[in-house]
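Worksheet: one structure, shown below.
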Amino acid sequence: MNEQRFLVVGGGRSGVAAAKMLLDLKKAVTVFDGNENFDKNAFCEKIEAEIPFIIGSASPEDLKNFNVCVVSPGVSLETEIMKAVAAAKIPVWSEIELAYRFDKGRVVAITGTNGKTTTTSLVYEIVKEWNKNTLLVGNIEIPYTGLALSSVPNGCTVAEISSFQLETMRTVKPRVSAVLNITPDHLDRHKTMENYSALKLSIAKNQDKNDYCVLNFEDNYLREHAKELSCNVIFFSSKHKIENGIYLDGKDFVLTIGGKNEVVCRTDEVTLVGTHNFENIMAAVAMTYCLGVPLDIIRKVTKRFVAVEHRIEYVCKKNGVTYYNDSKGTNTDAAIKAIDAMPGPTLLIGGGYDKKSDFTEWVSRFPGKVKLLVLLGQTREKIAETCEKIGFKDYVFAENMEEAVKLCAENAKEGDYVLLSPACASWGMFKCYQQRGEIFKELVKAL
């Protein structure tokens with residue numbers, strides 16, 4: 001690889017990490033960013049080096065000297081720069097692909113529409129208890145390229161992988177992978193559910209008989225297409241007894257992998273709530289068991305694990321009203337799970353960036369559960385139209401999060417729940433879902 005010249009597309013967090021990793025490897029790096037006002041000096045400060053840039057657009061002449069393009073996950077393959085890269089026949093790697101090629105240990109990779117962060121966090125905590133040389137990378141934490149060079153031969157990397165990153169994954173071969181579920185999301189980029197579903201399952205495309213892929217038995221697509229995989233398939237199920245996997249039997253998590261038949265723990269022994277979280281727990285238990293972690297370690301860590309920030313996160317109780325932050329509920333399926341987890345009348349804050357989602361199923365859960373819907377952002381009129389179609393009239397518009405929190409506080413009564421679970425991405429009004437959640441929590445605590 002000594003003669004390769006790398007073009008890193010995207011000057012955000014992933015681009016910074018990829019460029020820095022390549023520089024550490026003594027590779028020639030140029031960074032492209034489509035923003036005409038991109039701050040090159042700030043980027044160079046972050047990587048502690050001076051490098052060449054291409055800003056705005058790239059001509060065939062600009063691209064002729066590159067033989068690898070590392071694309072950031074936020075950059076669609078349909079953009080002009082990526083079309084130009086394709087025309088120049090430059091191989092495209094995801095930032096995940098670049099990092100994997102230099103990872104010295106075993107890789108555990110998790111994808112799915114919902115539950116990725118919770119499951120990845122639990123897997124990491126379990127594996128770290130067993131093997132101190134464990135890294136946490138991907139969407140959840142530091143970009144994979146930010147830590148790959150610190151991996152060791154006997155170590156493990158636990159990675160949360162998005163569909164955007166899977167688009168340009170070439171050789172990544174996890175020791176254990178998982179697809180937690182597949183529901184409509186990011187169709188503005190992936191166009192069809194067929195494309196999106198196939199992309200999710202492609203996390204296992206390079207795995208063989210020495211590897212494991214953990215799948216949700218309740219997901220029709222995953223159940224039907226599991227036979228196409230070359231690796232060992234392990235199912236988890238919240239509704240069915242599984243012969244070789246893990247299932248929920250009443251309150252018991254029952255592990256049956258390899259002929260075993262043992263209760264790992266019970267639902268009343270863990271801190272996570274809701275069926276969706278029980279599925280996350282089962283996926284994590286199955287993955288770590290297949291990796292070789294002793295069951296006593298899996299059991300101990302699972303019992304003490306607490307929910308991740310911004311995912312049905314308890315904020316506080318004010319005047320008898322309980323507030324929950326589910327800012328990570330960026331699609332309708334996640335938002336449905338959050339509503340279902342609320343034990344009483346709920347005042348819901350929703351709306352945001354439009355990913356071309358259909359809100360019908362989400363809105364159909366409102367009658368009898370949501371006493372007031374406060375709508376924000378680009379999708380608020382679209383969601384309101386859906387509400388009108390199904391006859392749900394208890395909604396209002398807010399201009400910002402401050403007004404939304406105030407409206408909820410004014411209309412909530414003792415015993416009610418206020419839930420931020422937008423069913424939409426945060427872009428446009430906020431930098432990211434984390435910032436949206438933090439602002440919500442600050443406003444609630446200041447009531």
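Following the order of the structure tokens, chains are lettered A, B, ..., residues in each are numbered from 1, and ligands are numbered from 1.
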
Original post:
Which neighbours of stretch 291-300 of chain A fall inside 10 Å, counting only C-alpha atoms, when residues of the same chain fewer than 2 positions from it are skipped, and could you give them as a PyMOL selection string?
Top reply: chain A and resi 106-108+122-123+125-131+156+175-176+211-212+255+262-266+270+284-289+302-305

**OP:** Please provide the set of residues having any atom within 7 Å of A:Tyr417, restricted to only C-alpha atoms, with same-chain residues fewer than 3 positions apart removed, written as number ranges by chain.
**Re:** A: 321-323, 344-347

Save the residues we just selected, N, CA, C and O atoms, as a compact mmCIF listing (two decimals), in the first residue's frame?
```
# COMPACT_ATOMS: atom_id res chain seq x y z
N VAL A 321 -44.92 15.12 37.16
CA VAL A 321 -44.83 14.75 35.74
C VAL A 321 -43.43 14.18 35.48
O VAL A 321 -42.43 14.79 35.85
N THR A 322 -43.37 13.02 34.83
CA THR A 322 -42.09 12.36 34.56
C THR A 322 -41.65 12.65 33.13
O THR A 322 -42.43 12.52 32.18
N TYR A 323 -40.38 13.04 32.98
CA TYR A 323 -39.83 13.43 31.68
C TYR A 323 -38.82 12.39 31.18
O TYR A 323 -37.92 11.96 31.92
N GLY A 344 -48.12 5.60 31.14
CA GLY A 344 -49.30 6.41 31.38
C GLY A 344 -49.53 7.43 30.29
O GLY A 344 -48.84 7.44 29.26
N PRO A 345 -50.51 8.35 30.47
CA PRO A 345 -50.80 9.39 29.48
C PRO A 345 -49.54 10.18 29.14
O PRO A 345 -48.79 10.58 30.02
N THR A 346 -49.33 10.40 27.83
CA THR A 346 -48.05 10.95 27.37
C THR A 346 -48.25 12.22 26.55
O THR A 346 -49.11 12.28 25.67
N LEU A 347 -47.43 13.21 26.84
CA LEU A 347 -47.32 14.41 26.01
C LEU A 347 -46.04 14.24 25.21
O LEU A 347 -44.94 14.12 25.77
```

**OP:** Among the residues of stretch 295-426 of chain A, find those DSSP assigns to helix (DSSP H, G or I) from the backbone and print them as an MDAnalysis selection string.
**Re:** chainID A and resid 295:304 332:341 360:363 380:390 401:411

Original post:
Within 6 Å of A:Ile312, counting only C-alpha atoms, which residues qualify if same-chain residues fewer than 6 places away don't, as JSON, numbers by chain?
Top reply: {"A": [324, 325, 326]}

**OP:** Determine which residues of stretch 35-264 of chain A DSSP labels as strand (DSSP E) from the backbone of this structure, then write them out as a ChimeraX atom specification.
**Re:** /A:53-55,68-71,92-94,106-111,134-138,156-160,176-179,212-216,232-237,245-249,252-255,262-264

Original post:
Near A:Gly34, counting only C-alpha atoms, which residues have an atom at most 9 Å away, once you skip same-chain residues fewer than 2 positions from it, shown as a ChimeraX atom specification?
Top reply: /A:9-11,32,36-38,54-58,81

Name the residues in contact with A:Lys393 at a cut-off of 12 Å, using only C-alpha atoms, excluding same-chain residues fewer than 4 positions from it; report them as a PDB file with N, CA, C and O atoms, in the first residue's frame.
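What ended up in around16.pdb:
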```
ATOM      1  N   VAL A 363     -48.339   7.462  14.085  1.00  0.00           N
ATOM      2  CA  VAL A 363     -49.478   8.287  14.499  1.00  0.00           C
ATOM      3  C   VAL A 363     -50.652   7.418  14.947  1.00  0.00           C
ATOM      4  O   VAL A 363     -51.407   7.797  15.862  1.00  0.00           O
ATOM      5  N   PHE A 366     -51.220   6.931  18.655  1.00  0.00           N
ATOM      6  CA  PHE A 366     -51.497   8.077  19.524  1.00  0.00           C
ATOM      7  C   PHE A 366     -52.837   8.005  20.266  1.00  0.00           C
ATOM      8  O   PHE A 366     -52.890   8.277  21.458  1.00  0.00           O
ATOM      9  N   PRO A 367     -53.950   7.655  19.590  1.00  0.00           N
ATOM     10  CA  PRO A 367     -55.245   7.680  20.292  1.00  0.00           C
ATOM     11  C   PRO A 367     -55.229   6.799  21.537  1.00  0.00           C
ATOM     12  O   PRO A 367     -54.818   5.642  21.504  1.00  0.00           O
ATOM     13  N   VAL A 370     -51.407   9.207  23.597  1.00  0.00           N
ATOM     14  CA  VAL A 370     -50.813  10.547  23.533  1.00  0.00           C
ATOM     15  C   VAL A 370     -51.917  11.581  23.752  1.00  0.00           C
ATOM     16  O   VAL A 370     -52.850  11.680  22.962  1.00  0.00           O
ATOM     17  N   LYS A 371     -51.819  12.350  24.839  1.00  0.00           N
ATOM     18  CA  LYS A 371     -52.851  13.355  25.126  1.00  0.00           C
ATOM     19  C   LYS A 371     -52.550  14.682  24.443  1.00  0.00           C
ATOM     20  O   LYS A 371     -53.454  15.479  24.214  1.00  0.00           O
ATOM     21  N   LEU A 372     -51.266  14.913  24.087  1.00  0.00           N
ATOM     22  CA  LEU A 372     -50.909  16.108  23.323  1.00  0.00           C
ATOM     23  C   LEU A 372     -49.641  15.826  22.534  1.00  0.00           C
ATOM     24  O   LEU A 372     -48.660  15.325  23.079  1.00  0.00           O
ATOM     25  N   LEU A 373     -49.690  16.164  21.244  1.00  0.00           N
ATOM     26  CA  LEU A 373     -48.520  16.045  20.373  1.00  0.00           C
ATOM     27  C   LEU A 373     -48.038  17.449  20.038  1.00  0.00           C
ATOM     28  O   LEU A 373     -48.793  18.263  19.504  1.00  0.00           O
ATOM     29  N   VAL A 374     -46.782  17.731  20.342  1.00  0.00           N
ATOM     30  CA  VAL A 374     -46.181  19.033  20.031  1.00  0.00           C
ATOM     31  C   VAL A 374     -45.182  18.815  18.895  1.00  0.00           C
ATOM     32  O   VAL A 374     -44.223  18.053  19.035  1.00  0.00           O
ATOM     33  N   ILE A 383     -46.623  15.535   9.403  1.00  0.00           N
ATOM     34  CA  ILE A 383     -47.127  14.714  10.503  1.00  0.00           C
ATOM     35  C   ILE A 383     -48.549  15.149  10.868  1.00  0.00           C
ATOM     36  O   ILE A 383     -49.419  14.308  11.124  1.00  0.00           O
ATOM     37  N   ALA A 384     -48.793  16.456  10.855  1.00  0.00           N
ATOM     38  CA  ALA A 384     -50.129  16.967  11.160  1.00  0.00           C
ATOM     39  C   ALA A 384     -51.155  16.450  10.151  1.00  0.00           C
ATOM     40  O   ALA A 384     -52.285  16.090  10.515  1.00  0.00           O
ATOM     41  N   GLU A 385     -50.774  16.380   8.873  1.00  0.00           N
ATOM     42  CA  GLU A 385     -51.668  15.847   7.843  1.00  0.00           C
ATOM     43  C   GLU A 385     -52.009  14.386   8.127  1.00  0.00           C
ATOM     44  O   GLU A 385     -53.153  13.943   7.947  1.00  0.00           O
ATOM     45  N   THR A 386     -51.008  13.626   8.567  1.00  0.00           N
ATOM     46  CA  THR A 386     -51.226  12.220   8.916  1.00  0.00           C
ATOM     47  C   THR A 386     -52.177  12.112  10.101  1.00  0.00           C
ATOM     48  O   THR A 386     -53.067  11.250  10.128  1.00  0.00           O
ATOM     49  N   CYS A 387     -51.993  13.002  11.085  1.00  0.00           N
ATOM     50  CA  CYS A 387     -52.892  13.032  12.255  1.00  0.00           C
ATOM     51  C   CYS A 387     -54.338  13.274  11.820  1.00  0.00           C
ATOM     52  O   CYS A 387     -55.264  12.602  12.296  1.00  0.00           O
ATOM     53  N   GLU A 388     -54.531  14.230  10.924  1.00  0.00           N
ATOM     54  CA  GLU A 388     -55.875  14.561  10.442  1.00  0.00           C
ATOM     55  C   GLU A 388     -56.510  13.362   9.734  1.00  0.00           C
ATOM     56  O   GLU A 388     -57.697  13.095   9.879  1.00  0.00           O
ATOM     57  N   LYS A 389     -55.704  12.641   8.964  1.00  0.00           N
ATOM     58  CA  LYS A 389     -56.221  11.492   8.212  1.00  0.00           C
ATOM     59  C   LYS A 389     -56.781  10.407   9.122  1.00  0.00           C
ATOM     60  O   LYS A 389     -57.751   9.739   8.775  1.00  0.00           O
TER      61      LYS A 389
END
```
